[in-house]
file data-v1.csv (CSV, C-alpha atoms)
chain,number,residue,atom,x,y,z
A,1,MET,CA,4.7,-8.8,-30.3
A,2,LYS,CA,8.1,-10.2,-30.9
A,3,ASP,CA,9.3,-6.9,-32.4
A,4,LEU,CA,7.9,-4.9,-29.4
A,5,VAL,CA,9.8,-7.1,-26.9
A,6,GLN,CA,13.0,-6.9,-29.1
A,7,LYS,CA,13.0,-3.1,-29.1
A,8,MET,CA,12.3,-2.8,-25.4
A,9,VAL,CA,14.9,-5.3,-24.3
A,10,GLU,CA,17.6,-3.9,-26.7
A,11,ALA,CA,17.3,-0.6,-24.7
A,12,LEU,CA,18.1,-2.4,-21.4
A,13,VAL,CA,21.0,-4.8,-22.3
A,14,ASP,CA,24.6,-4.3,-23.1
A,15,ASN,CA,24.8,-7.2,-25.6
A,16,PRO,CA,21.8,-6.8,-27.9
A,17,GLU,CA,23.2,-9.4,-30.3
A,18,GLN,CA,22.6,-12.1,-27.7
A,19,ILE,CA,18.9,-11.5,-27.4
A,20,ASN,CA,16.9,-14.6,-28.5
A,21,ILE,CA,13.1,-14.4,-28.6
A,22,ALA,CA,10.8,-17.3,-29.4
A,23,GLU,CA,7.1,-16.8,-29.9
A,24,ILE,CA,4.6,-19.6,-29.4
A,25,THR,CA,1.1,-18.8,-30.6
A,26,SER,CA,-2.1,-20.6,-29.9
A,27,GLN,CA,-5.7,-19.7,-30.7
A,28,GLN,CA,-6.2,-17.6,-27.5
A,29,SER,CA,-2.7,-16.8,-26.2
A,30,ILE,CA,0.9,-15.9,-27.1
A,31,ILE,CA,3.8,-17.1,-25.1
A,32,ILE,CA,7.0,-15.1,-25.6
A,33,GLU,CA,10.2,-16.7,-24.4
A,34,LEU,CA,13.1,-14.3,-23.8
A,35,LYS,CA,16.7,-15.4,-23.5
A,36,VAL,CA,19.5,-12.9,-22.9
A,37,ALA,CA,23.2,-13.1,-22.0
A,38,LYS,CA,23.9,-14.1,-18.4
A,39,GLU,CA,25.4,-10.7,-17.5
A,40,ASP,CA,22.3,-8.9,-18.8
A,41,LEU,CA,19.7,-11.1,-17.0
A,42,GLY,CA,19.7,-8.8,-13.9
A,43,LYS,CA,19.1,-5.7,-16.1
A,44,VAL,CA,16.1,-7.3,-17.7
A,45,ILE,CA,14.6,-8.5,-14.4
A,46,GLY,CA,15.5,-5.3,-12.5
A,47,LYS,CA,15.4,-4.6,-8.8
A,48,GLN,CA,12.7,-6.7,-7.2
A,49,GLY,CA,11.5,-7.6,-10.7
A,50,ARG,CA,10.3,-4.1,-11.6
A,51,ASN,CA,11.7,-4.2,-15.2
A,52,ALA,CA,10.2,-7.6,-15.8
A,53,GLN,CA,6.9,-6.5,-14.4
A,54,ALA,CA,6.9,-3.4,-16.6
A,55,LEU,CA,7.7,-5.4,-19.7
A,56,ARG,CA,4.8,-7.8,-18.9
A,57,THR,CA,2.4,-4.8,-18.3
A,58,ILE,CA,3.3,-3.3,-21.7
A,59,ILE,CA,3.0,-6.7,-23.5
A,60,GLY,CA,-0.4,-7.3,-21.7
A,61,ALA,CA,-1.7,-3.9,-22.9
A,62,ALA,CA,-0.5,-4.5,-26.5
A,63,SER,CA,-2.1,-8.0,-26.5
A,64,LYS,CA,-5.5,-6.5,-25.8
A,65,LYS,CA,-5.5,-5.0,-29.3
A,66,ILE,CA,-5.1,-8.4,-30.9
A,67,LYS,CA,-7.5,-9.9,-28.4
A,68,LYS,CA,-5.1,-12.6,-27.1
A,69,HIS,CA,-3.6,-13.2,-23.8
A,70,ALA,CA,0.2,-12.7,-23.8
A,71,VAL,CA,2.7,-14.2,-21.4
A,72,LEU,CA,6.4,-13.2,-21.1
A,73,GLU,CA,8.8,-15.9,-19.8
A,74,ILE,CA,12.3,-14.9,-19.1
A,75,ILE,CA,14.5,-18.0,-19.6
A,76,GLU,CA,17.9,-18.3,-17.9
call {"tool": "encode", "arguments": {"input": "data-v1.csv", "output": "structure tokens"}}
result
Amino acid sequence: MKDLVQKMVEALVDNPEQINIAEITSQQSIIIELKVAKEDLGKVIGKQGRNAQALRTIIGAASKKIKKHAVLEIIE
């Protein structure tokens, strides 16, 4: 899941070297914490949160395959 988020976010931001992803795994869920550079935060969230929602949708679909609930948190 971490690699999937990494690839998608790299395509959106100008500073891919400042992407920091932490993955917290429990028995039934995965929490993915995403940190990007301040100037790239708007690009990741998108207008009215459309990019963030699209990322969450893709992660949710991918998590069905491993039978876990996935949550994406975008940290400022």
call {"tool": "residues_near_point", "arguments": {"input": "data-v1.csv", "point": "(17.8, -6.7, -21.8)", "cutoff": "12 Å", "atoms": "all atoms listed in the file", "output": "short mmCIF file (atom, residue, chain, number, x, y, z; two decimals) with C-alpha atoms, in the frame of the given file"}}
result
data_model
loop_
_atom_site.label_atom_id
_atom_site.label_comp_id
_atom_site.auth_asym_id
_atom_site.auth_seq_id
_atom_site.Cartn_x
_atom_site.Cartn_y
_atom_site.Cartn_z
CA VAL A 5 9.80 -7.10 -26.90
CA GLN A 6 13.00 -6.90 -29.10
CA LYS A 7 13.00 -3.10 -29.10
CA MET A 8 12.30 -2.80 -25.40
CA VAL A 9 14.90 -5.30 -24.30
CA GLU A 10 17.60 -3.90 -26.70
CA ALA A 11 17.30 -0.60 -24.70
CA LEU A 12 18.10 -2.40 -21.40
CA VAL A 13 21.00 -4.80 -22.30
CA ASP A 14 24.60 -4.30 -23.10
CA ASN A 15 24.80 -7.20 -25.60
CA PRO A 16 21.80 -6.80 -27.90
CA GLU A 17 23.20 -9.40 -30.30
CA GLN A 18 22.60 -12.10 -27.70
CA ILE A 19 18.90 -11.50 -27.40
CA ASN A 20 16.90 -14.60 -28.50
CA ILE A 21 13.10 -14.40 -28.60
CA LEU A 34 13.10 -14.30 -23.80
CA LYS A 35 16.70 -15.40 -23.50
CA VAL A 36 19.50 -12.90 -22.90
CA ALA A 37 23.20 -13.10 -22.00
CA LYS A 38 23.90 -14.10 -18.40
CA GLU A 39 25.40 -10.70 -17.50
CA ASP A 40 22.30 -8.90 -18.80
CA LEU A 41 19.70 -11.10 -17.00
CA GLY A 42 19.70 -8.80 -13.90
CA LYS A 43 19.10 -5.70 -16.10
CA VAL A 44 16.10 -7.30 -17.70
CA ILE A 45 14.60 -8.50 -14.40
CA GLY A 46 15.50 -5.30 -12.50
CA ASN A 51 11.70 -4.20 -15.20
CA ALA A 52 10.20 -7.60 -15.80
CA LEU A 55 7.70 -5.40 -19.70
CA ILE A 74 12.30 -14.90 -19.10
CA ILE A 75 14.50 -18.00 -19.60
#
call {"tool": "atom_distance", "arguments": {"input": "data-v1.csv", "atom1": "atom CA of Thr25 of chain A", "atom2": "atom CA of Ser63 of chain A"}}
result
12.0 Å
call {"tool": "atom_distance", "arguments": {"input": "data-v1.csv", "atom1": "atom CA of Ile32 of chain A", "atom2": "atom CA of Gln48 of chain A"}}
result
21.0 Å
call {"tool": "atom_distance", "arguments": {"input": "data-v1.csv", "atom1": "atom CA of Ile31 of chain A", "atom2": "atom CA of Leu72 of chain A"}}
result
6.2 Å
call {"tool": "closest_residue", "arguments": {"input": "data-v1.csv", "among": "A:Gln53, A:Asp3, A:Ile30, A:Ala22", "to": "Lys67 of chain A", "atoms": "only C-alpha atoms"}}
result
A:Ile30
call {"tool": "residues_around", "arguments": {"input": "data-v1.csv", "residues": "Leu4 of chain A", "least_positions_apart": "6", "cutoff": "10 Å", "atoms": "all atoms listed in the file", "output": "ChimeraX atom specification"}}
result
/A:55,58-59,62
call {"tool": "closest_residue", "arguments": {"input": "data-v1.csv", "among": "A:Met1, A:Ala54, A:Ala61, A:Val71", "to": "Ser29 of chain A", "atoms": "all atoms listed in the file"}}
result
A:Val71
call {"tool": "closest_residue", "arguments": {"input": "data-v1.csv", "among": "A:Thr57, A:Lys65, A:Lys2, A:Lys47", "to": "Ile24 of chain A", "atoms": "all atoms listed in the file"}}
result
A:Lys2
